[in-house]
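Chemist: Here's a structure for you.
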Amino acid sequence: MITTPFLSKSKYLNGLQCPKLLWHYYNAKEEIPKTDAETQAIFDQGHEVGELAKKLYPDGIEVAKGLVDFEKVIEQTQKLISKRKPLFEAAFLYKSAYARVDILNPVEDDGWEIIEVKSSTRVKDINLRDLSLQWYTYQGAGLSIKRSYILHINNQYVRKGEIDPEKLFTLTDITEEVKDLLPLVERQLADMTETISGKTCPEVAIGTHCSTPYDCPLQQKCFVFLPEHNLLTLYYINKEKAFALIHQGVTDILALNDRVELSDKQKLQVESLRSKKPYLNKSGIRTFLDTLEYPLYFLDFETIGPAMPLFDNTIPHQPIPFQFSLHIQRSAGKDTEHYSYLADGKHDPRPELLKLLKKHLGHQGSIITYSASFEKDKLNRACEAFPEFAKWNDGIQKRIVDLLDPFKAFHFYHYDQKGSASIKSVLPVLTGTGYEGMAISEGGMASREFLRVTFGENITEEERMAVRKNLEDYCSLDTMAMVEIVEKLREMV
């Protein structure tokens, strides 16, 4: 029976990021928020990619199938090692380190390769550290490790028919990089064990490590001492400089004085907060409004971008528009007309989406989006896949206007925006309305929910229809918000 605390791969990586986070996992886990939906979706996608990768090793053996107890997984691993077959999820314990390998592949007479499967399209520094702990553990447990690899997504893969795992994945050798990190592992584990055993939580100042390589789940707890308008809300501030000042006791942007040379936009932000008045550049707003040509078409897309492409002629992680909302205002002061599209079924949504946009967008008038590069790119990429719309798209691209521009230029700024020009920051300060209370309130959630009810299993028709209504409401609010913002800008000037 194993009673002493051990460090898994995830806890080792937590410890590298922050000792305070590591201590909490072992001593105050109840203070760590539950995994949010966005993070869980990433985990789920990683699991799906991992399952597909196993097809590259058809004679492989699933070690832990049906087993929960980690000691039994270790025991089962030892029984299967002698078979000299690829092993999935084999587990080993060495001193204070415990690790399970995605794929342990036999090579030569008695050697093994470590293969870690990732849904990303490149090798990251965190992957090297992950593999360094694995190599240390497996080698310490008696294996002869020859090489280590990251099996990741090939970003050049284009789906044609059924997904071909041989082409979807790329195997990158990281042996030498991992070997360079190996000498550090034992000392790091000793330090982490000491941290875990401590009766009190270690003091760790906040810094860039709080969001590198991942957002730490303790951020809300650790950042609670910062005032509402703290240095991290200052427009486009260098985070390292901000944390250095915070460590010196300067937390509020009103306390900066001459410590930092501010940009013109940062000065406007500070002055708006100090005066408790919004800043308004009427000339700049008029210039923007003068570029708008009626009828006005307010357009917004929602997209999905799974690691494993769902449709032919798409690549991994390619954003595919599955929904649009379109509000049309034919002339100034007139009521708007609303048109929308939400893909239904598992087919590629782009042909129908483009067909409907071509029908509704007309031949003249400004097409207003918020952060226009997003909609422009999605239209371009969709029309590359369906070239019959290419000529139409050329005309559309010239008509697109970015409603973000006047706010990015600080022609209007309200101190409650806290340095942000996003539509979710601008809408409440201009109109008093926002996204609170919405069942779906941001794009990432819209994407996850669409994928879940469209491609997931065990979804009732009632649940599917409820989610689809929520998607329609959310996307519609995005375009109606733009209508209201433009009207408010006209009122102000």
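Ordered as shown in the structure tokens, chains take letters A, B, and onward, while each chain numbers its residues from 1 and ligands are numbered from 1 in the order shown.
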DSSP says strand (DSSP E or B) for which residues of range 137-346 of chain A? Put them as a PyMOL selection string?
Modeler: chain A and resi 144-153+169-173+230+252+279-280+296-304+320-329+336-342
Chemist: Export C-alpha atoms of the chosen residues as an mmCIF file, in the first residue's frame?
Modeler:
data_model
loop_
_atom_site.group_PDB
_atom_site.id
_atom_site.type_symbol
_atom_site.label_atom_id
_atom_site.label_comp_id
_atom_site.auth_asym_id
_atom_site.auth_seq_id
_atom_site.Cartn_x
_atom_site.Cartn_y
_atom_site.Cartn_z
ATOM 1 C CA SER A 144 15.539 1.464 -20.910
ATOM 2 C CA ILE A 145 14.260 4.663 -22.561
ATOM 3 C CA LYS A 146 15.777 5.304 -25.993
ATOM 4 C CA ARG A 147 13.800 8.213 -27.452
ATOM 5 C CA SER A 148 10.890 10.522 -26.664
ATOM 6 C CA TYR A 149 8.387 12.043 -29.084
ATOM 7 C CA ILE A 150 5.414 14.356 -29.299
ATOM 8 C CA LEU A 151 2.730 13.015 -31.611
ATOM 9 C CA HIS A 152 0.846 16.180 -32.540
ATOM 10 C CA ILE A 153 -1.571 17.430 -35.152
ATOM 11 C CA PHE A 169 -0.465 13.301 -37.007
ATOM 12 C CA THR A 170 3.163 14.398 -37.061
ATOM 13 C CA LEU A 171 5.794 12.693 -34.893
ATOM 14 C CA THR A 172 8.421 15.120 -33.554
ATOM 15 C CA ASP A 173 11.560 13.805 -31.868
ATOM 16 C CA ASN A 230 -5.568 48.114 -11.035
ATOM 17 C CA ASP A 252 -4.118 51.557 -8.631
ATOM 18 C CA TYR A 279 -13.875 60.964 -22.963
ATOM 19 C CA LEU A 280 -15.472 61.908 -26.269
ATOM 20 C CA LEU A 296 -26.323 49.232 -42.961
ATOM 21 C CA TYR A 297 -25.757 45.497 -42.524
ATOM 22 C CA PHE A 298 -24.710 44.483 -39.010
ATOM 23 C CA LEU A 299 -23.058 41.054 -39.267
ATOM 24 C CA ASP A 300 -21.639 38.572 -36.772
ATOM 25 C CA PHE A 301 -20.363 34.973 -37.107
ATOM 26 C CA GLU A 302 -19.941 32.156 -34.612
ATOM 27 C CA THR A 303 -17.396 29.474 -35.442
ATOM 28 C CA ILE A 304 -16.137 26.034 -34.469
ATOM 29 C CA ILE A 320 -15.652 27.188 -39.582
ATOM 30 C CA PRO A 321 -18.633 29.579 -39.386
ATOM 31 C CA PHE A 322 -21.760 27.663 -38.375
ATOM 32 C CA GLN A 323 -24.002 30.638 -37.570
ATOM 33 C CA PHE A 324 -24.610 34.234 -38.518
ATOM 34 C CA SER A 325 -26.850 37.029 -37.323
ATOM 35 C CA LEU A 326 -27.663 39.942 -39.616
ATOM 36 C CA HIS A 327 -29.551 43.113 -38.713
ATOM 37 C CA ILE A 328 -30.311 45.435 -41.643
ATOM 38 C CA GLN A 329 -31.161 49.122 -41.276
ATOM 39 C CA THR A 336 -34.125 46.960 -38.417
ATOM 40 C CA GLU A 337 -34.863 43.682 -40.195
ATOM 41 C CA HIS A 338 -33.273 40.526 -38.762
ATOM 42 C CA TYR A 339 -32.041 37.468 -40.650
ATOM 43 C CA SER A 340 -30.102 34.555 -39.252
ATOM 44 C CA TYR A 341 -28.692 31.143 -39.991
ATOM 45 C CA LEU A 342 -27.802 28.306 -37.621
#
Chemist: Write out as a PDB file with all heavy atoms, in the first residue's frame which residues come within 9 Å of Pro295 in chain A when counting only C-alpha atoms, dropping same-chain ones fewer than 2 positions away.
Modeler:
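The resulting file, out_33.pdb, is shown below:
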ATOM      1  N   LEU A 292     -20.010  55.460 -43.141  1.00  0.00           N
ATOM      2  CA  LEU A 292     -21.079  54.472 -43.237  1.00  0.00           C
ATOM      3  C   LEU A 292     -22.052  54.845 -44.353  1.00  0.00           C
ATOM      4  O   LEU A 292     -22.478  55.994 -44.472  1.00  0.00           O
ATOM      5  CB  LEU A 292     -21.835  54.368 -41.909  1.00  0.00           C
ATOM      6  CG  LEU A 292     -20.988  54.028 -40.678  1.00  0.00           C
ATOM      7  CD1 LEU A 292     -21.884  53.866 -39.448  1.00  0.00           C
ATOM      8  CD2 LEU A 292     -20.155  52.765 -40.896  1.00  0.00           C
ATOM      9  N   GLU A 293     -22.388  53.848 -45.147  1.00  0.00           N
ATOM     10  CA  GLU A 293     -23.295  54.048 -46.282  1.00  0.00           C
ATOM     11  C   GLU A 293     -24.518  53.156 -46.115  1.00  0.00           C
ATOM     12  O   GLU A 293     -24.392  51.942 -45.934  1.00  0.00           O
ATOM     13  CB  GLU A 293     -22.577  53.724 -47.598  1.00  0.00           C
ATOM     14  CG  GLU A 293     -23.445  53.844 -48.830  1.00  0.00           C
ATOM     15  CD  GLU A 293     -22.747  53.362 -50.089  1.00  0.00           C
ATOM     16  OE1 GLU A 293     -21.514  53.173 -50.047  1.00  0.00           O
ATOM     17  OE2 GLU A 293     -23.440  53.166 -51.110  1.00  0.00           O
ATOM     18  N   TYR A 297     -25.614  46.926 -42.780  1.00  0.00           N
ATOM     19  CA  TYR A 297     -25.757  45.497 -42.524  1.00  0.00           C
ATOM     20  C   TYR A 297     -24.859  45.145 -41.331  1.00  0.00           C
ATOM     21  O   TYR A 297     -23.629  45.182 -41.441  1.00  0.00           O
ATOM     22  CB  TYR A 297     -25.329  44.679 -43.737  1.00  0.00           C
ATOM     23  CG  TYR A 297     -26.117  44.958 -44.997  1.00  0.00           C
ATOM     24  CD1 TYR A 297     -25.771  46.021 -45.839  1.00  0.00           C
ATOM     25  CD2 TYR A 297     -27.195  44.157 -45.354  1.00  0.00           C
ATOM     26  CE1 TYR A 297     -26.489  46.283 -47.002  1.00  0.00           C
ATOM     27  CE2 TYR A 297     -27.915  44.405 -46.519  1.00  0.00           C
ATOM     28  CZ  TYR A 297     -27.555  45.469 -47.330  1.00  0.00           C
ATOM     29  OH  TYR A 297     -28.269  45.710 -48.476  1.00  0.00           O
ATOM     30  N   ILE A 328     -30.397  44.491 -40.520  1.00  0.00           N
ATOM     31  CA  ILE A 328     -30.311  45.435 -41.643  1.00  0.00           C
ATOM     32  C   ILE A 328     -31.121  46.677 -41.309  1.00  0.00           C
ATOM     33  O   ILE A 328     -32.301  46.586 -40.953  1.00  0.00           O
ATOM     34  CB  ILE A 328     -30.834  44.813 -42.951  1.00  0.00           C
ATOM     35  CG1 ILE A 328     -30.084  43.507 -43.263  1.00  0.00           C
ATOM     36  CG2 ILE A 328     -30.670  45.809 -44.109  1.00  0.00           C
ATOM     37  CD1 ILE A 328     -30.637  42.774 -44.479  1.00  0.00           C
ATOM     38  N   GLN A 329     -30.484  47.834 -41.445  1.00  0.00           N
ATOM     39  CA  GLN A 329     -31.161  49.122 -41.276  1.00  0.00           C
ATOM     40  C   GLN A 329     -31.112  49.832 -42.626  1.00  0.00           C
ATOM     41  O   GLN A 329     -30.045  50.231 -43.095  1.00  0.00           O
ATOM     42  CB  GLN A 329     -30.494  49.950 -40.185  1.00  0.00           C
ATOM     43  CG  GLN A 329     -31.295  51.184 -39.790  1.00  0.00           C
ATOM     44  CD  GLN A 329     -30.667  51.932 -38.631  1.00  0.00           C
ATOM     45  OE1 GLN A 329     -29.453  52.091 -38.574  1.00  0.00           O
ATOM     46  NE2 GLN A 329     -31.495  52.397 -37.696  1.00  0.00           N
ATOM     47  N   ARG A 330     -32.277  49.971 -43.267  1.00  0.00           N
ATOM     48  CA  ARG A 330     -32.320  50.472 -44.642  1.00  0.00           C
ATOM     49  C   ARG A 330     -31.971  51.957 -44.729  1.00  0.00           C
ATOM     50  O   ARG A 330     -31.363  52.402 -45.709  1.00  0.00           O
ATOM     51  CB  ARG A 330     -33.714  50.238 -45.240  1.00  0.00           C
ATOM     52  CG  ARG A 330     -34.133  48.783 -45.288  1.00  0.00           C
ATOM     53  CD  ARG A 330     -33.319  47.983 -46.277  1.00  0.00           C
ATOM     54  NE  ARG A 330     -33.674  46.561 -46.254  1.00  0.00           N
ATOM     55  CZ  ARG A 330     -33.051  45.641 -46.970  1.00  0.00           C
ATOM     56  NH1 ARG A 330     -32.057  45.981 -47.776  1.00  0.00           N
ATOM     57  NH2 ARG A 330     -33.421  44.383 -46.891  1.00  0.00           N
ATOM     58  N   SER A 331     -32.370  52.741 -43.707  1.00  0.00           N
ATOM     59  CA  SER A 331     -32.040  54.172 -43.694  1.00  0.00           C
ATOM     60  C   SER A 331     -32.025  54.649 -42.252  1.00  0.00           C
ATOM     61  O   SER A 331     -32.510  53.964 -41.348  1.00  0.00           O
ATOM     62  CB  SER A 331     -33.050  54.981 -44.524  1.00  0.00           C
ATOM     63  OG  SER A 331     -34.361  54.794 -44.018  1.00  0.00           O
ATOM     64  N   ALA A 332     -31.470  55.835 -42.029  1.00  0.00           N
ATOM     65  CA  ALA A 332     -31.287  56.353 -40.668  1.00  0.00           C
ATOM     66  C   ALA A 332     -32.622  56.436 -39.938  1.00  0.00           C
ATOM     67  O   ALA A 332     -33.617  56.919 -40.481  1.00  0.00           O
ATOM     68  CB  ALA A 332     -30.632  57.727 -40.724  1.00  0.00           C
ATOM     69  N   GLN A 364     -24.901  47.072 -52.241  1.00  0.00           N
ATOM     70  CA  GLN A 364     -24.294  48.303 -51.735  1.00  0.00           C
ATOM     71  C   GLN A 364     -24.690  48.498 -50.286  1.00  0.00           C
ATOM     72  O   GLN A 364     -25.611  47.859 -49.778  1.00  0.00           O
ATOM     73  CB  GLN A 364     -24.740  49.507 -52.562  1.00  0.00           C
ATOM     74  CG  GLN A 364     -26.231  49.804 -52.478  1.00  0.00           C
ATOM     75  CD  GLN A 364     -26.619  51.015 -53.304  1.00  0.00           C
ATOM     76  OE1 GLN A 364     -26.011  51.299 -54.337  1.00  0.00           O
ATOM     77  NE2 GLN A 364     -27.629  51.752 -52.843  1.00  0.00           N
ATOM     78  N   GLY A 365     -23.962  49.379 -49.616  1.00  0.00           N
ATOM     79  CA  GLY A 365     -24.201  49.617 -48.203  1.00  0.00           C
ATOM     80  C   GLY A 365     -23.080  49.030 -47.362  1.00  0.00           C
ATOM     81  O   GLY A 365     -22.436  48.049 -47.745  1.00  0.00           O
ATOM     82  N   SER A 366     -22.848  49.631 -46.209  1.00  0.00           N
ATOM     83  CA  SER A 366     -21.760  49.198 -45.327  1.00  0.00           C
ATOM     84  C   SER A 366     -22.136  47.933 -44.561  1.00  0.00           C
ATOM     85  O   SER A 366     -23.251  47.822 -44.045  1.00  0.00           O
ATOM     86  CB  SER A 366     -21.416  50.313 -44.335  1.00  0.00           C
ATOM     87  OG  SER A 366     -20.961  51.465 -45.006  1.00  0.00           O
ATOM     88  N   ILE A 367     -21.202  47.004 -44.502  1.00  0.00           N
ATOM     89  CA  ILE A 367     -21.356  45.790 -43.699  1.00  0.00           C
ATOM     90  C   ILE A 367     -20.546  46.009 -42.429  1.00  0.00           C
ATOM     91  O   ILE A 367     -19.313  46.072 -42.469  1.00  0.00           O
ATOM     92  CB  ILE A 367     -20.868  44.555 -44.472  1.00  0.00           C
ATOM     93  CG1 ILE A 367     -21.664  44.406 -45.770  1.00  0.00           C
ATOM     94  CG2 ILE A 367     -20.982  43.301 -43.609  1.00  0.00           C
ATOM     95  CD1 ILE A 367     -21.097  43.371 -46.728  1.00  0.00           C
TER      96      ILE A 367
END
Chemist: Write out as a ChimeraX atom specification which residues come within 10 Å of Gln417 in chain A when counting only C-alpha atoms, dropping same-chain ones fewer than 2 positions away.
Modeler: /A:229,233,235,269,278,413-415,419-429
Chemist: For the residues in the current selection, export N, CA and C atoms as a compact mmCIF listing (two decimals), in the first residue's frame.
Modeler:
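Full text of part_1.txt as output:
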# COMPACT_ATOMS: atom_id res chain seq x y z
N HIS A 229 -9.65 49.22 -10.47
CA HIS A 229 -8.90 49.81 -11.60
C HIS A 229 -7.40 49.64 -11.34
N THR A 233 -5.34 46.52 -15.64
CA THR A 233 -6.41 46.99 -16.52
C THR A 233 -5.96 48.14 -17.40
N TYR A 235 -4.59 50.06 -20.39
CA TYR A 235 -4.57 49.70 -21.81
C TYR A 235 -3.16 49.36 -22.30
N GLN A 269 -7.25 57.08 -20.42
CA GLN A 269 -7.87 56.13 -19.49
C GLN A 269 -7.75 56.62 -18.05
N PRO A 278 -16.63 60.24 -19.03
CA PRO A 278 -16.17 59.60 -20.26
C PRO A 278 -15.47 60.61 -21.16
N TYR A 413 -14.23 56.81 -24.74
CA TYR A 413 -13.72 55.92 -23.70
C TYR A 413 -14.42 56.25 -22.38
N HIS A 414 -14.92 55.21 -21.74
CA HIS A 414 -15.54 55.35 -20.42
C HIS A 414 -14.69 54.57 -19.42
N TYR A 415 -14.48 55.16 -18.27
CA TYR A 415 -13.57 54.54 -17.29
C TYR A 415 -13.99 53.12 -16.88
N GLY A 419 -9.92 49.76 -19.73
CA GLY A 419 -8.87 49.58 -20.73
C GLY A 419 -9.25 48.72 -21.90
N SER A 420 -10.46 48.17 -21.93
CA SER A 420 -10.87 47.26 -23.00
C SER A 420 -11.77 47.96 -24.00
N ALA A 421 -11.60 47.60 -25.27
CA ALA A 421 -12.46 48.13 -26.32
C ALA A 421 -13.38 47.06 -26.88
N SER A 422 -13.50 45.91 -26.18
CA SER A 422 -14.35 44.83 -26.67
C SER A 422 -15.81 45.27 -26.61
N ILE A 423 -16.64 44.61 -27.41
CA ILE A 423 -18.05 44.97 -27.45
C ILE A 423 -18.72 44.72 -26.10
N LYS A 424 -18.24 43.74 -25.37
CA LYS A 424 -18.83 43.44 -24.06
C LYS A 424 -18.47 44.50 -23.02
N SER A 425 -17.41 45.27 -23.28
CA SER A 425 -17.06 46.38 -22.41
C SER A 425 -17.72 47.68 -22.85
N VAL A 426 -17.87 47.85 -24.15
CA VAL A 426 -18.42 49.09 -24.70
C VAL A 426 -19.93 49.17 -24.56
N LEU A 427 -20.62 48.07 -24.84
CA LEU A 427 -22.09 48.08 -24.85
C LEU A 427 -22.69 48.56 -23.52
N PRO A 428 -22.26 48.05 -22.36
CA PRO A 428 -22.89 48.50 -21.11
C PRO A 428 -22.69 49.98 -20.81
N VAL A 429 -21.50 50.52 -21.13
CA VAL A 429 -21.24 51.92 -20.77
C VAL A 429 -21.95 52.88 -21.73
Chemist: Write out as a list in words which residues come within 8 Å of range 19-32 of chain A when counting only C-alpha atoms, dropping same-chain ones fewer than 5 positions away.
Modeler: Lys11, Asn14, Met192, Thr195, Ile196, Gly198, Cys201, Pro202, Glu203, Val204, Cys216, Pro217 and Leu218 of chain A
Chemist: Take the residues just selected and output them with N, CA, C and O atoms as an mmCIF file, in the first residue's frame.
Modeler:
data_model
loop_
_atom_site.group_PDB
_atom_site.id
_atom_site.type_symbol
_atom_site.label_atom_id
_atom_site.label_comp_id
_atom_site.auth_asym_id
_atom_site.auth_seq_id
_atom_site.Cartn_x
_atom_site.Cartn_y
_atom_site.Cartn_z
ATOM 1 N N LYS A 11 0.487 17.382 -11.544
ATOM 2 C CA LYS A 11 0.892 18.073 -10.308
ATOM 3 C C LYS A 11 2.332 18.577 -10.419
ATOM 4 O O LYS A 11 2.674 19.640 -9.882
ATOM 5 N N ASN A 14 2.040 21.690 -12.322
ATOM 6 C CA ASN A 14 1.493 22.709 -11.417
ATOM 7 C C ASN A 14 2.594 23.272 -10.536
ATOM 8 O O ASN A 14 2.674 24.484 -10.301
ATOM 9 N N MET A 192 9.343 20.149 -4.439
ATOM 10 C CA MET A 192 7.882 20.073 -4.446
ATOM 11 C C MET A 192 7.365 19.236 -3.283
ATOM 12 O O MET A 192 6.346 19.572 -2.668
ATOM 13 N N THR A 195 7.413 21.349 -0.317
ATOM 14 C CA THR A 195 6.299 22.300 -0.368
ATOM 15 C C THR A 195 4.998 21.641 0.089
ATOM 16 O O THR A 195 4.250 22.195 0.903
ATOM 17 N N ILE A 196 4.725 20.460 -0.437
ATOM 18 C CA ILE A 196 3.493 19.744 -0.095
ATOM 19 C C ILE A 196 3.426 19.458 1.401
ATOM 20 O O ILE A 196 2.361 19.541 2.025
ATOM 21 N N GLY A 198 4.658 21.158 3.807
ATOM 22 C CA GLY A 198 4.624 22.354 4.642
ATOM 23 C C GLY A 198 3.274 22.547 5.298
ATOM 24 O O GLY A 198 2.229 22.315 4.694
ATOM 25 N N CYS A 201 0.788 27.514 3.688
ATOM 26 C CA CYS A 201 0.900 27.750 2.246
ATOM 27 C C CYS A 201 2.068 28.683 1.966
ATOM 28 O O CYS A 201 2.227 29.709 2.633
ATOM 29 N N PRO A 202 2.920 28.362 0.989
ATOM 30 C CA PRO A 202 4.033 29.256 0.668
ATOM 31 C C PRO A 202 3.539 30.592 0.127
ATOM 32 O O PRO A 202 2.519 30.661 -0.562
ATOM 33 N N GLU A 203 4.266 31.655 0.456
ATOM 34 C CA GLU A 203 3.951 32.973 -0.066
ATOM 35 C C GLU A 203 4.563 33.114 -1.455
ATOM 36 O O GLU A 203 5.769 32.954 -1.621
ATOM 37 N N VAL A 204 3.738 33.394 -2.439
ATOM 38 C CA VAL A 204 4.223 33.572 -3.815
ATOM 39 C C VAL A 204 3.585 34.835 -4.369
ATOM 40 O O VAL A 204 2.352 34.944 -4.419
ATOM 41 N N CYS A 216 -3.889 30.132 -14.043
ATOM 42 C CA CYS A 216 -3.935 29.422 -12.766
ATOM 43 C C CYS A 216 -5.344 29.523 -12.176
ATOM 44 O O CYS A 216 -5.932 30.608 -12.152
ATOM 45 N N PRO A 217 -5.909 28.416 -11.678
ATOM 46 C CA PRO A 217 -7.253 28.468 -11.090
ATOM 47 C C PRO A 217 -7.333 29.268 -9.799
ATOM 48 O O PRO A 217 -8.426 29.573 -9.326
ATOM 49 N N LEU A 218 -6.173 29.636 -9.232
ATOM 50 C CA LEU A 218 -6.165 30.421 -7.998
ATOM 51 C C LEU A 218 -6.092 31.927 -8.248
ATOM 52 O O LEU A 218 -5.959 32.702 -7.307
#
Chemist: Going by DSSP on the backbone, which bits of range 130-223 of chain A are alpha helix (DSSP H)? Write them as number ranges by chain, please.
Modeler: A: 130-140, 165-168, 175-197, 219-222
Chemist: For Arg100 in chain A, please output as a list of chain:residue names all residues within 7 Å (counting only C-alpha atoms; exclusion window: fewer than 6 positions along the same chain).
Modeler: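 The contact residues come out as A:Glu89, A:Ala90, A:Ala91, A:Phe92.
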Chemist: Keeping only C-alpha atoms, take the residues you just selected and write them out as a tab-separated table (two decimals), in the first residue's frame.
Modeler:
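Output contents, as saved in result24.tsv:
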chain	number	residue	atom	x	y	z
A	89	GLU	CA	-1.71	4.44	-20.53
A	90	ALA	CA	0.99	2.31	-18.88
A	91	ALA	CA	1.73	3.53	-15.34
A	92	PHE	CA	4.95	3.65	-13.31
Chemist: What lies within 9 Å of Ala343 in chain A using only C-alpha atoms, ignoring chain neighbours under 2 positions off, as a list in words?
Modeler: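 Neighbouring residues, sequence-local ones excluded: Phe322, Gln323, Tyr341, Gly345, Lys346, His347, Asp348, Pro349, Arg350, Glu352 and Leu353 of chain A.
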Chemist: For each of A:Glu271, A:Glu38, A:Asp44, A:Glu388, take the minimum atom-to-atom distance to Asp215 in chain A, counting only C-alpha atoms, then give the residue where this is smallest.
Modeler: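 Among the listed residues, the smallest separation from Asp215 in chain A belongs to A:Glu38.
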Chemist: Quick one: pull the distance between CA of Gly207 in chain A and CA of Gly249 in chain A, Å, one decimal.
Modeler: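 Going from CA of Gly207 in chain A over to CA of Gly249 in chain A covers 13.6 Å.
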Chemist: Point out the residue among A:Gln219, A:Phe288, A:Lys124, A:Ser8 with the least atom-to-atom distance to Pro33 in chain A, counting only C-alpha atoms.
Modeler: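 Checking each of A:Gln219, A:Phe288, A:Lys124, A:Ser8 against Pro33 in chain A, counting only C-alpha atoms, the winner is A:Gln219.
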Chemist: Of the candidates A:Leu16, A:Leu231, A:Leu404, A:Ala99, which one gets nearest to Glu116 in chain A if we count only C-alpha atoms?
Modeler: A:Ala99
Chemist: What is the CA of Gly60 in chain A-CA of Leu80 in chain A distance in Å, reported with one decimal?
Modeler: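 It comes out at 10.8 Å.
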